[in-house]
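Okay, so here's the structure we're looking at.
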Amino acid sequence: MASVALRPGRFFKDSSSEARSEFLKAAGNLRDNYRFAHTNVESLVNECGDNGKGITLLPTNQFEEKTVASTEQKMTSGKIKKFTQENVFGICPHVTEDNKDLVQGKDLLMAYYDVDCEKNAKGSSYWRNRVMMVAKKPLDAEHKVNFAVASRETSNPELSDFGLEGTAGEIPVVAIRTAKGEKFVMQGELSRDGKALQRFPQDYFDGNLKRYLKSESVPESHDGPIKVVVAENFDEIVNNEDKDVLIEFYAPWCGHCKNLEPK
C-alpha cells in the first residue's frame, strides 16, 4: 500500500483549516488503497525542503524517486485524489497481484520478463530502464499509453490472453492492452537500444497494428448464404451496419447444436 503525506506547515496551525479538511476528505475516499498521514513535526517538514507546503507522495515503486511533490498552490480533495492516482505508481510501475486492479482501466503497454526485485535487482532494473527510456520520451501529443513491467512467472493468465504463454528467455515480451480490452502484441524482440519498443506504441497510435485475437482460421469458402463467423471476421460480418444479421451461437460438442450446423 502506498503512502501519501501532507506536509502541513502553516496549513494546520488551525485544526479547522480548509487545507486539513480537504486532505482528510481525500484520505477518507482513498483509504482502502493508500495510507495517508499528516504532521507538524518541524524536523520532518524541513526534510521536504519547501517550508512544509503542499503534498508529498511516497510511492511504492522502488526503482523511481522516493518522493513526488505536488506543485499545486491550493489543494482540494479532488486535486489530491487526482495527484495520488496519477503519480503513486511512477512512470513505469511493477505490476503485481496486489496492485494490478489499480493499474488497469487505461491503455497499458506491459513488458513481461523475469522481474525479481529481491534476488535479481540488477537484471530487473536493466530491462525496466529500457522501458523507462521510451516512457519518458514524448510519443504523440494527442494520445497516451502507460508503461509497466510484470513478472512472466506470475502473469500466465495475461500472457495467455496475448498468445504468449510458454514464452521464456531473458528478453521481455511486450504487449498493449487498451482500456477497451483490445490487445496488440509487439512482433520481434525488445532491442537493447529501445528503438523497436519506441516504434511499437507509435504504430499503435498510427493505427498500423493488427489486433490480436484468439481465433480459428476464417473458412476458405464463404460463398453460401450462411456464413461461419470466427473472431477474425466477427466485426466485418456481424457488426456490419449496412446489413441486418441474425447470428446463432452454438457449442460444437453439443449433439442438438450439431443439427443446426450449416450444411
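Every chain in the C-alpha cells has a letter given in the order shown (A, B, ...), and although residue numbers restart at 1 in each chain, ligands are simply numbered from 1 in the order shown.
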
Problem - Near-Gln202 (chain A) list (10 Å; only C-alpha atoms; drop same-chain fewer than 4 positions) as a PyMOL selection string - result: chain A and resi 139-140+143+145+197-198+206-209

Exercise for the section: Considering only C-alpha atoms, return as a ChimeraX atom specification whatever protein or nucleic-acid residues lie within 12 Å of Glu97 (chain A), sequence-local ones (same chain, fewer than 2 positions apart) excluded. Expected result: /A:94-95,99-104,150-151,153-158

Expected file contents, prior selection, N, CA, C and O atoms, as a compact mmCIF listing (two decimals), in the first residue's frame:
```txt
# COMPACT_ATOMS: atom_id res chain seq x y z
N HIS A 94 5.92 -1.66 -11.38
CA HIS A 94 5.99 -3.12 -11.39
C HIS A 94 4.61 -3.62 -11.00
O HIS A 94 4.17 -3.47 -9.85
N VAL A 95 3.89 -4.19 -11.94
CA VAL A 95 2.53 -4.65 -11.71
C VAL A 95 2.56 -6.02 -11.03
O VAL A 95 3.22 -6.95 -11.49
N ASN A 99 -1.51 -4.87 -6.93
CA ASN A 99 -1.85 -3.55 -7.46
C ASN A 99 -2.45 -3.57 -8.86
O ASN A 99 -2.77 -2.52 -9.40
N LYS A 100 -2.58 -4.73 -9.48
CA LYS A 100 -2.98 -4.77 -10.88
C LYS A 100 -4.37 -4.18 -11.12
O LYS A 100 -4.61 -3.57 -12.16
N ASP A 101 -5.27 -4.33 -10.16
CA ASP A 101 -6.61 -3.77 -10.34
C ASP A 101 -6.59 -2.24 -10.34
O ASP A 101 -7.46 -1.60 -10.94
N LEU A 102 -5.60 -1.64 -9.68
CA LEU A 102 -5.50 -0.19 -9.63
C LEU A 102 -4.84 0.37 -10.88
O LEU A 102 -5.01 1.53 -11.22
N VAL A 103 -4.06 -0.46 -11.56
CA VAL A 103 -3.34 -0.02 -12.76
C VAL A 103 -4.21 -0.17 -14.01
O VAL A 103 -4.05 0.55 -14.99
N GLN A 104 -5.14 -1.12 -13.99
CA GLN A 104 -5.96 -1.38 -15.17
C GLN A 104 -6.95 -0.25 -15.42
O GLN A 104 -7.09 0.67 -14.62
N ALA A 150 6.00 -6.50 -15.61
CA ALA A 150 5.38 -7.54 -14.79
C ALA A 150 6.20 -8.81 -14.89
O ALA A 150 6.90 -9.04 -15.89
N SER A 151 6.10 -9.63 -13.87
CA SER A 151 6.81 -10.90 -13.85
C SER A 151 6.17 -11.89 -14.80
O SER A 151 4.96 -12.10 -14.77
N GLU A 153 6.55 -15.02 -14.67
CA GLU A 153 6.18 -16.20 -13.90
C GLU A 153 4.79 -16.08 -13.29
O GLU A 153 4.05 -17.07 -13.21
N THR A 154 4.41 -14.89 -12.87
CA THR A 154 3.12 -14.71 -12.20
C THR A 154 2.05 -14.14 -13.13
O THR A 154 0.97 -13.77 -12.66
N SER A 155 2.34 -14.06 -14.42
CA SER A 155 1.40 -13.42 -15.35
C SER A 155 0.89 -14.38 -16.42
O SER A 155 0.54 -13.95 -17.53
N ASN A 156 0.84 -15.66 -16.11
CA ASN A 156 0.42 -16.64 -17.12
C ASN A 156 -0.97 -16.36 -17.71
O ASN A 156 -1.15 -16.49 -18.92
N PRO A 157 -1.98 -16.00 -16.89
CA PRO A 157 -3.29 -15.70 -17.49
C PRO A 157 -3.24 -14.55 -18.50
O PRO A 157 -3.84 -14.62 -19.57
N GLU A 158 -2.50 -13.49 -18.15
CA GLU A 158 -2.39 -12.34 -19.06
C GLU A 158 -1.62 -12.71 -20.31
O GLU A 158 -1.99 -12.33 -21.42
```

Based on DSSP run over this structure's backbone, return all residues of region 18-255 of chain A in alpha helix (DSSP H), as a PDB file with N, CA and C atoms, in the first residue's frame.
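Output file part.pdb follows:
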```
ATOM      1  N   GLU A  18      -9.155  24.864   6.120  1.00  0.00           N
ATOM      2  CA  GLU A  18      -9.695  24.265   4.888  1.00  0.00           C
ATOM      3  C   GLU A  18      -8.750  23.215   4.332  1.00  0.00           C
ATOM      4  N   ALA A  19      -7.429  23.479   4.413  1.00  0.00           N
ATOM      5  CA  ALA A  19      -6.447  22.526   3.886  1.00  0.00           C
ATOM      6  C   ALA A  19      -6.556  21.188   4.603  1.00  0.00           C
ATOM      7  N   ARG A  20      -6.657  21.230   5.916  1.00  0.00           N
ATOM      8  CA  ARG A  20      -6.770  19.997   6.693  1.00  0.00           C
ATOM      9  C   ARG A  20      -8.062  19.264   6.355  1.00  0.00           C
ATOM     10  N   SER A  21      -9.130  20.000   6.214  1.00  0.00           N
ATOM     11  CA  SER A  21     -10.424  19.404   5.890  1.00  0.00           C
ATOM     12  C   SER A  21     -10.395  18.709   4.528  1.00  0.00           C
ATOM     13  N   GLU A  22      -9.783  19.349   3.514  1.00  0.00           N
ATOM     14  CA  GLU A  22      -9.700  18.772   2.170  1.00  0.00           C
ATOM     15  C   GLU A  22      -8.819  17.519   2.170  1.00  0.00           C
ATOM     16  N   PHE A  23      -7.727  17.575   2.923  1.00  0.00           N
ATOM     17  CA  PHE A  23      -6.829  16.420   2.996  1.00  0.00           C
ATOM     18  C   PHE A  23      -7.532  15.224   3.625  1.00  0.00           C
ATOM     19  N   LEU A  24      -8.224  15.451   4.729  1.00  0.00           N
ATOM     20  CA  LEU A  24      -8.919  14.363   5.408  1.00  0.00           C
ATOM     21  C   LEU A  24     -10.056  13.808   4.552  1.00  0.00           C
ATOM     22  N   LYS A  25     -10.677  14.672   3.761  1.00  0.00           N
ATOM     23  CA  LYS A  25     -11.734  14.207   2.861  1.00  0.00           C
ATOM     24  C   LYS A  25     -11.168  13.262   1.801  1.00  0.00           C
ATOM     25  N   ALA A  26     -10.034  13.654   1.201  1.00  0.00           N
ATOM     26  CA  ALA A  26      -9.385  12.790   0.214  1.00  0.00           C
ATOM     27  C   ALA A  26      -8.919  11.490   0.854  1.00  0.00           C
ATOM     28  N   ALA A  27      -8.369  11.585   2.059  1.00  0.00           N
ATOM     29  CA  ALA A  27      -7.905  10.392   2.761  1.00  0.00           C
ATOM     30  C   ALA A  27      -9.047   9.420   3.012  1.00  0.00           C
ATOM     31  N   GLY A  28     -10.207   9.950   3.365  1.00  0.00           N
ATOM     32  CA  GLY A  28     -11.362   9.095   3.601  1.00  0.00           C
ATOM     33  C   GLY A  28     -11.823   8.389   2.344  1.00  0.00           C
ATOM     34  N   ASN A  29     -11.740   9.073   1.208  1.00  0.00           N
ATOM     35  CA  ASN A  29     -12.180   8.477  -0.060  1.00  0.00           C
ATOM     36  C   ASN A  29     -11.221   7.409  -0.577  1.00  0.00           C
ATOM     37  N   LEU A  30      -9.940   7.551  -0.259  1.00  0.00           N
ATOM     38  CA  LEU A  30      -8.922   6.661  -0.843  1.00  0.00           C
ATOM     39  C   LEU A  30      -8.275   5.728   0.176  1.00  0.00           C
ATOM     40  N   GLU A  42       8.534  19.610  13.080  1.00  0.00           N
ATOM     41  CA  GLU A  42       9.387  20.515  12.306  1.00  0.00           C
ATOM     42  C   GLU A  42      10.499  19.778  11.564  1.00  0.00           C
ATOM     43  N   SER A  43      11.114  18.782  12.217  1.00  0.00           N
ATOM     44  CA  SER A  43      12.221  18.066  11.574  1.00  0.00           C
ATOM     45  C   SER A  43      11.764  17.329  10.323  1.00  0.00           C
ATOM     46  N   LEU A  44      10.556  16.793  10.353  1.00  0.00           N
ATOM     47  CA  LEU A  44      10.029  16.094   9.179  1.00  0.00           C
ATOM     48  C   LEU A  44       9.675  17.084   8.080  1.00  0.00           C
ATOM     49  N   VAL A  45       9.102  18.195   8.463  1.00  0.00           N
ATOM     50  CA  VAL A  45       8.760  19.226   7.486  1.00  0.00           C
ATOM     51  C   VAL A  45      10.012  19.751   6.797  1.00  0.00           C
ATOM     52  N   ASN A  46      11.091  19.966   7.559  1.00  0.00           N
ATOM     53  CA  ASN A  46      12.326  20.508   6.997  1.00  0.00           C
ATOM     54  C   ASN A  46      12.983  19.557   6.000  1.00  0.00           C
ATOM     55  N   GLU A  47      12.781  18.254   6.184  1.00  0.00           N
ATOM     56  CA  GLU A  47      13.348  17.280   5.250  1.00  0.00           C
ATOM     57  C   GLU A  47      12.812  17.475   3.845  1.00  0.00           C
ATOM     58  N   CYS A  48      11.609  18.003   3.748  1.00  0.00           N
ATOM     59  CA  CYS A  48      10.977  18.173   2.440  1.00  0.00           C
ATOM     60  C   CYS A  48      11.514  19.392   1.705  1.00  0.00           C
ATOM     61  N   SER A  77      -9.744  18.272  -2.275  1.00  0.00           N
ATOM     62  CA  SER A  77      -9.796  16.813  -2.186  1.00  0.00           C
ATOM     63  C   SER A  77      -9.736  16.189  -3.572  1.00  0.00           C
ATOM     64  N   GLY A  78     -10.351  16.836  -4.557  1.00  0.00           N
ATOM     65  CA  GLY A  78     -10.315  16.318  -5.924  1.00  0.00           C
ATOM     66  C   GLY A  78      -8.917  16.359  -6.503  1.00  0.00           C
ATOM     67  N   LYS A  79      -8.190  17.445  -6.256  1.00  0.00           N
ATOM     68  CA  LYS A  79      -6.818  17.556  -6.758  1.00  0.00           C
ATOM     69  C   LYS A  79      -5.900  16.565  -6.051  1.00  0.00           C
ATOM     70  N   ILE A  80      -6.120  16.347  -4.768  1.00  0.00           N
ATOM     71  CA  ILE A  80      -5.318  15.383  -4.021  1.00  0.00           C
ATOM     72  C   ILE A  80      -5.544  13.984  -4.568  1.00  0.00           C
ATOM     73  N   LYS A  81      -6.795  13.654  -4.840  1.00  0.00           N
ATOM     74  CA  LYS A  81      -7.123  12.329  -5.386  1.00  0.00           C
ATOM     75  C   LYS A  81      -6.477  12.133  -6.753  1.00  0.00           C
ATOM     76  N   LYS A  82      -6.591  13.144  -7.624  1.00  0.00           N
ATOM     77  CA  LYS A  82      -6.019  13.047  -8.961  1.00  0.00           C
ATOM     78  C   LYS A  82      -4.498  12.920  -8.896  1.00  0.00           C
ATOM     79  N   PHE A  83      -3.865  13.752  -8.075  1.00  0.00           N
ATOM     80  CA  PHE A  83      -2.414  13.718  -7.923  1.00  0.00           C
ATOM     81  C   PHE A  83      -1.947  12.349  -7.430  1.00  0.00           C
ATOM     82  N   THR A  84      -2.651  11.796  -6.482  1.00  0.00           N
ATOM     83  CA  THR A  84      -2.291  10.486  -5.929  1.00  0.00           C
ATOM     84  C   THR A  84      -2.386   9.396  -6.982  1.00  0.00           C
ATOM     85  N   GLN A  85      -3.513   9.331  -7.661  1.00  0.00           N
ATOM     86  CA  GLN A  85      -3.744   8.251  -8.619  1.00  0.00           C
ATOM     87  C   GLN A  85      -2.842   8.352  -9.842  1.00  0.00           C
ATOM     88  N   GLU A  86      -2.435   9.570 -10.205  1.00  0.00           N
ATOM     89  CA  GLU A  86      -1.588   9.745 -11.382  1.00  0.00           C
ATOM     90  C   GLU A  86      -0.112   9.488 -11.085  1.00  0.00           C
ATOM     91  N   ASN A  87       0.284   9.593  -9.822  1.00  0.00           N
ATOM     92  CA  ASN A  87       1.709   9.533  -9.506  1.00  0.00           C
ATOM     93  C   ASN A  87       2.137   8.399  -8.595  1.00  0.00           C
ATOM     94  N   LYS A 100      -2.582  -4.734  -9.477  1.00  0.00           N
ATOM     95  CA  LYS A 100      -2.979  -4.769 -10.885  1.00  0.00           C
ATOM     96  C   LYS A 100      -4.366  -4.182 -11.124  1.00  0.00           C
ATOM     97  N   ASP A 101      -5.269  -4.325 -10.158  1.00  0.00           N
ATOM     98  CA  ASP A 101      -6.612  -3.766 -10.341  1.00  0.00           C
ATOM     99  C   ASP A 101      -6.588  -2.245 -10.344  1.00  0.00           C
ATOM    100  N   LEU A 102      -5.602  -1.642  -9.677  1.00  0.00           N
ATOM    101  CA  LEU A 102      -5.495  -0.188  -9.628  1.00  0.00           C
ATOM    102  C   LEU A 102      -4.837   0.369 -10.877  1.00  0.00           C
ATOM    103  N   VAL A 103      -4.057  -0.462 -11.564  1.00  0.00           N
ATOM    104  CA  VAL A 103      -3.343  -0.020 -12.760  1.00  0.00           C
ATOM    105  C   VAL A 103      -4.211  -0.173 -14.007  1.00  0.00           C
ATOM    106  N   ALA A 121      17.855  -7.805  -8.553  1.00  0.00           N
ATOM    107  CA  ALA A 121      17.507  -6.384  -8.679  1.00  0.00           C
ATOM    108  C   ALA A 121      18.189  -5.750  -9.883  1.00  0.00           C
ATOM    109  N   LYS A 122      19.443  -6.124 -10.149  1.00  0.00           N
ATOM    110  CA  LYS A 122      20.186  -5.536 -11.260  1.00  0.00           C
ATOM    111  C   LYS A 122      19.555  -5.910 -12.597  1.00  0.00           C
ATOM    112  N   GLY A 123      19.268  -7.199 -12.795  1.00  0.00           N
ATOM    113  CA  GLY A 123      18.655  -7.625 -14.044  1.00  0.00           C
ATOM    114  C   GLY A 123      17.259  -7.065 -14.212  1.00  0.00           C
ATOM    115  N   SER A 124      16.509  -6.998 -13.117  1.00  0.00           N
ATOM    116  CA  SER A 124      15.153  -6.448 -13.179  1.00  0.00           C
ATOM    117  C   SER A 124      15.194  -4.977 -13.566  1.00  0.00           C
ATOM    118  N   SER A 125      16.174  -4.247 -13.020  1.00  0.00           N
ATOM    119  CA  SER A 125      16.295  -2.822 -13.318  1.00  0.00           C
ATOM    120  C   SER A 125      16.736  -2.589 -14.759  1.00  0.00           C
ATOM    121  N   TYR A 126      17.581  -3.481 -15.281  1.00  0.00           N
ATOM    122  CA  TYR A 126      18.122  -3.275 -16.629  1.00  0.00           C
ATOM    123  C   TYR A 126      17.003  -3.155 -17.658  1.00  0.00           C
ATOM    124  N   TRP A 127      16.113  -4.154 -17.707  1.00  0.00           N
ATOM    125  CA  TRP A 127      15.063  -4.130 -18.722  1.00  0.00           C
ATOM    126  C   TRP A 127      14.020  -3.064 -18.421  1.00  0.00           C
ATOM    127  N   ARG A 128      13.784  -2.822 -17.141  1.00  0.00           N
ATOM    128  CA  ARG A 128      12.834  -1.769 -16.815  1.00  0.00           C
ATOM    129  C   ARG A 128      13.367  -0.413 -17.264  1.00  0.00           C
ATOM    130  N   ASN A 129      14.675  -0.215 -17.150  1.00  0.00           N
ATOM    131  CA  ASN A 129      15.266   1.037 -17.615  1.00  0.00           C
ATOM    132  C   ASN A 129      15.123   1.210 -19.126  1.00  0.00           C
ATOM    133  N   ARG A 130      15.158   0.093 -19.870  1.00  0.00           N
ATOM    134  CA  ARG A 130      14.938   0.160 -21.322  1.00  0.00           C
ATOM    135  C   ARG A 130      13.515   0.657 -21.602  1.00  0.00           C
ATOM    136  N   VAL A 131      12.564   0.171 -20.821  1.00  0.00           N
ATOM    137  CA  VAL A 131      11.173   0.613 -20.973  1.00  0.00           C
ATOM    138  C   VAL A 131      11.042   2.074 -20.549  1.00  0.00           C
ATOM    139  N   MET A 132      11.731   2.444 -19.475  1.00  0.00           N
ATOM    140  CA  MET A 132      11.677   3.819 -18.982  1.00  0.00           C
ATOM    141  C   MET A 132      12.200   4.817 -20.021  1.00  0.00           C
ATOM    142  N   MET A 133      13.216   4.413 -20.789  1.00  0.00           N
ATOM    143  CA  MET A 133      13.766   5.293 -21.820  1.00  0.00           C
ATOM    144  C   MET A 133      12.681   5.739 -22.785  1.00  0.00           C
ATOM    145  N   VAL A 134      11.796   4.812 -23.125  1.00  0.00           N
ATOM    146  CA  VAL A 134      10.702   5.129 -24.049  1.00  0.00           C
ATOM    147  C   VAL A 134       9.580   5.854 -23.322  1.00  0.00           C
ATOM    148  N   ALA A 135       9.292   5.431 -22.097  1.00  0.00           N
ATOM    149  CA  ALA A 135       8.193   6.029 -21.336  1.00  0.00           C
ATOM    150  C   ALA A 135       8.426   7.514 -21.097  1.00  0.00           C
ATOM    151  N   ASN A 156       0.837 -15.663 -16.110  1.00  0.00           N
ATOM    152  CA  ASN A 156       0.416 -16.639 -17.116  1.00  0.00           C
ATOM    153  C   ASN A 156      -0.966 -16.362 -17.707  1.00  0.00           C
ATOM    154  N   PRO A 157      -1.981 -15.999 -16.891  1.00  0.00           N
ATOM    155  CA  PRO A 157      -3.292 -15.698 -17.494  1.00  0.00           C
ATOM    156  C   PRO A 157      -3.238 -14.549 -18.496  1.00  0.00           C
ATOM    157  N   GLU A 158      -2.505 -13.486 -18.148  1.00  0.00           N
ATOM    158  CA  GLU A 158      -2.394 -12.342 -19.055  1.00  0.00           C
ATOM    159  C   GLU A 158      -1.621 -12.706 -20.311  1.00  0.00           C
ATOM    160  N   LEU A 159      -0.532 -13.466 -20.146  1.00  0.00           N
ATOM    161  CA  LEU A 159       0.254 -13.890 -21.303  1.00  0.00           C
ATOM    162  C   LEU A 159      -0.573 -14.768 -22.225  1.00  0.00           C
ATOM    163  N   SER A 160      -1.416 -15.613 -21.649  1.00  0.00           N
ATOM    164  CA  SER A 160      -2.289 -16.466 -22.454  1.00  0.00           C
ATOM    165  C   SER A 160      -3.271 -15.630 -23.274  1.00  0.00           C
ATOM    166  N   ASP A 161      -3.726 -14.521 -22.702  1.00  0.00           N
ATOM    167  CA  ASP A 161      -4.642 -13.626 -23.421  1.00  0.00           C
ATOM    168  C   ASP A 161      -4.006 -13.075 -24.691  1.00  0.00           C
ATOM    169  N   LYS A 195      14.788   1.015 -29.758  1.00  0.00           N
ATOM    170  CA  LYS A 195      14.141   1.519 -30.967  1.00  0.00           C
ATOM    171  C   LYS A 195      12.898   0.713 -31.331  1.00  0.00           C
ATOM    172  N   ALA A 196      12.970  -0.608 -31.189  1.00  0.00           N
ATOM    173  CA  ALA A 196      11.808  -1.446 -31.512  1.00  0.00           C
ATOM    174  C   ALA A 196      10.650  -1.129 -30.582  1.00  0.00           C
ATOM    175  N   LEU A 197      10.967  -0.908 -29.308  1.00  0.00           N
ATOM    176  CA  LEU A 197       9.928  -0.583 -28.333  1.00  0.00           C
ATOM    177  C   LEU A 197       9.327   0.784 -28.603  1.00  0.00           C
ATOM    178  N   GLN A 198      10.139   1.727 -29.056  1.00  0.00           N
ATOM    179  CA  GLN A 198       9.624   3.063 -29.351  1.00  0.00           C
ATOM    180  C   GLN A 198       8.695   3.035 -30.558  1.00  0.00           C
ATOM    181  N   ARG A 199       8.981   2.187 -31.530  1.00  0.00           N
ATOM    182  CA  ARG A 199       8.115   2.086 -32.716  1.00  0.00           C
ATOM    183  C   ARG A 199       6.767   1.467 -32.369  1.00  0.00           C
ATOM    184  N   PHE A 200       6.758   0.550 -31.426  1.00  0.00           N
ATOM    185  CA  PHE A 200       5.539  -0.199 -31.114  1.00  0.00           C
ATOM    186  C   PHE A 200       4.373   0.702 -30.684  1.00  0.00           C
ATOM    187  N   PRO A 201       4.517   1.563 -29.666  1.00  0.00           N
ATOM    188  CA  PRO A 201       3.383   2.437 -29.316  1.00  0.00           C
ATOM    189  C   PRO A 201       3.060   3.450 -30.406  1.00  0.00           C
ATOM    190  N   GLN A 202       4.082   3.902 -31.163  1.00  0.00           N
ATOM    191  CA  GLN A 202       3.801   4.846 -32.241  1.00  0.00           C
ATOM    192  C   GLN A 202       2.979   4.181 -33.336  1.00  0.00           C
ATOM    193  N   ASP A 203       3.298   2.930 -33.659  1.00  0.00           N
ATOM    194  CA  ASP A 203       2.490   2.183 -34.633  1.00  0.00           C
ATOM    195  C   ASP A 203       1.070   1.987 -34.121  1.00  0.00           C
ATOM    196  N   TYR A 204       0.934   1.811 -32.822  1.00  0.00           N
ATOM    197  CA  TYR A 204      -0.407   1.691 -32.223  1.00  0.00           C
ATOM    198  C   TYR A 204      -1.182   2.991 -32.388  1.00  0.00           C
ATOM    199  N   PHE A 205      -0.549   4.127 -32.094  1.00  0.00           N
ATOM    200  CA  PHE A 205      -1.211   5.417 -32.248  1.00  0.00           C
ATOM    201  C   PHE A 205      -1.606   5.666 -33.706  1.00  0.00           C
ATOM    202  N   PHE A 234     -15.464 -11.451 -37.209  1.00  0.00           N
ATOM    203  CA  PHE A 234     -16.704 -11.124 -36.496  1.00  0.00           C
ATOM    204  C   PHE A 234     -17.152  -9.694 -36.770  1.00  0.00           C
ATOM    205  N   ASP A 235     -16.261  -8.732 -36.595  1.00  0.00           N
ATOM    206  CA  ASP A 235     -16.635  -7.328 -36.811  1.00  0.00           C
ATOM    207  C   ASP A 235     -17.066  -7.075 -38.251  1.00  0.00           C
ATOM    208  N   GLU A 236     -16.362  -7.667 -39.187  1.00  0.00           N
ATOM    209  CA  GLU A 236     -16.639  -7.447 -40.600  1.00  0.00           C
ATOM    210  C   GLU A 236     -18.045  -7.901 -40.980  1.00  0.00           C
ATOM    211  N   ILE A 237     -18.498  -9.015 -40.401  1.00  0.00           N
ATOM    212  CA  ILE A 237     -19.787  -9.580 -40.795  1.00  0.00           C
ATOM    213  C   ILE A 237     -20.908  -9.185 -39.835  1.00  0.00           C
ATOM    214  N   VAL A 238     -20.713  -9.438 -38.550  1.00  0.00           N
ATOM    215  CA  VAL A 238     -21.790  -9.242 -37.579  1.00  0.00           C
ATOM    216  C   VAL A 238     -22.030  -7.765 -37.282  1.00  0.00           C
ATOM    217  N   GLY A 255     -24.692 -32.297 -29.188  1.00  0.00           N
ATOM    218  CA  GLY A 255     -25.396 -33.050 -30.236  1.00  0.00           C
ATOM    219  C   GLY A 255     -26.552 -32.286 -30.840  1.00  0.00           C
TER     220      GLY A 255
END
```

Problem - Option closest in space to Lys210 (chain A), from A:Val68, A:Met75, A:Leu109, A:Val185 [counting only C-alpha atoms] - result: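 Closest candidate: A:Val185.
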
Practice task
Just give me the gap between CA of Phe147 (chain A) and CA of Pro93 (chain A) in Å, one decimal is fine.
Solution key: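 If I compute the distance from CA of Phe147 (chain A) to CA of Pro93 (chain A), I get 7.4 Å.
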
Exercise for the section: Quick one: everything within 12 Å of Ile247 (chain A), counting only C-alpha atoms, minus sequence neighbours fewer than 3 positions away in the same chain. Send it as a VMD selection string. Expected result: chain A and resid 226 to 230 234 237 to 239 244 250 260 to 262

Problem - Which of region 153-193 of chain A fall in strand (DSSP E), as a list in words - result: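 Strand (DSSP E) members of region 153-193 of chain A, listed: Val173, Val174, Ala175, Ile176, Arg177, Lys183, Phe184 and Val185 of chain A.
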
Would you put the residues from that selection into a file with C-alpha atoms, as a short mmCIF file (atom, residue, chain, number, x, y, z; two decimals), in the first residue's frame?
```
data_model
loop_
_atom_site.label_atom_id
_atom_site.label_comp_id
_atom_site.auth_asym_id
_atom_site.auth_seq_id
_atom_site.Cartn_x
_atom_site.Cartn_y
_atom_site.Cartn_z
CA VAL A 173 7.84 -9.91 -24.47
CA VAL A 174 5.76 -6.75 -24.90
CA ALA A 175 2.06 -6.16 -25.47
CA ILE A 176 -0.58 -3.42 -25.22
CA ARG A 177 -4.00 -3.88 -23.68
CA LYS A 183 -4.88 -6.46 -27.45
CA PHE A 184 -1.76 -5.83 -29.55
CA VAL A 185 1.46 -7.85 -29.42
#
```

Practice task
Find the distance between CA of Asp98 (chain A) and CA of Asn33 (chain A) and write it in Å to one decimal.
Solution key: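 Pair CA of Asp98 (chain A) / CA of Asn33 (chain A) returns 10.1 Å.
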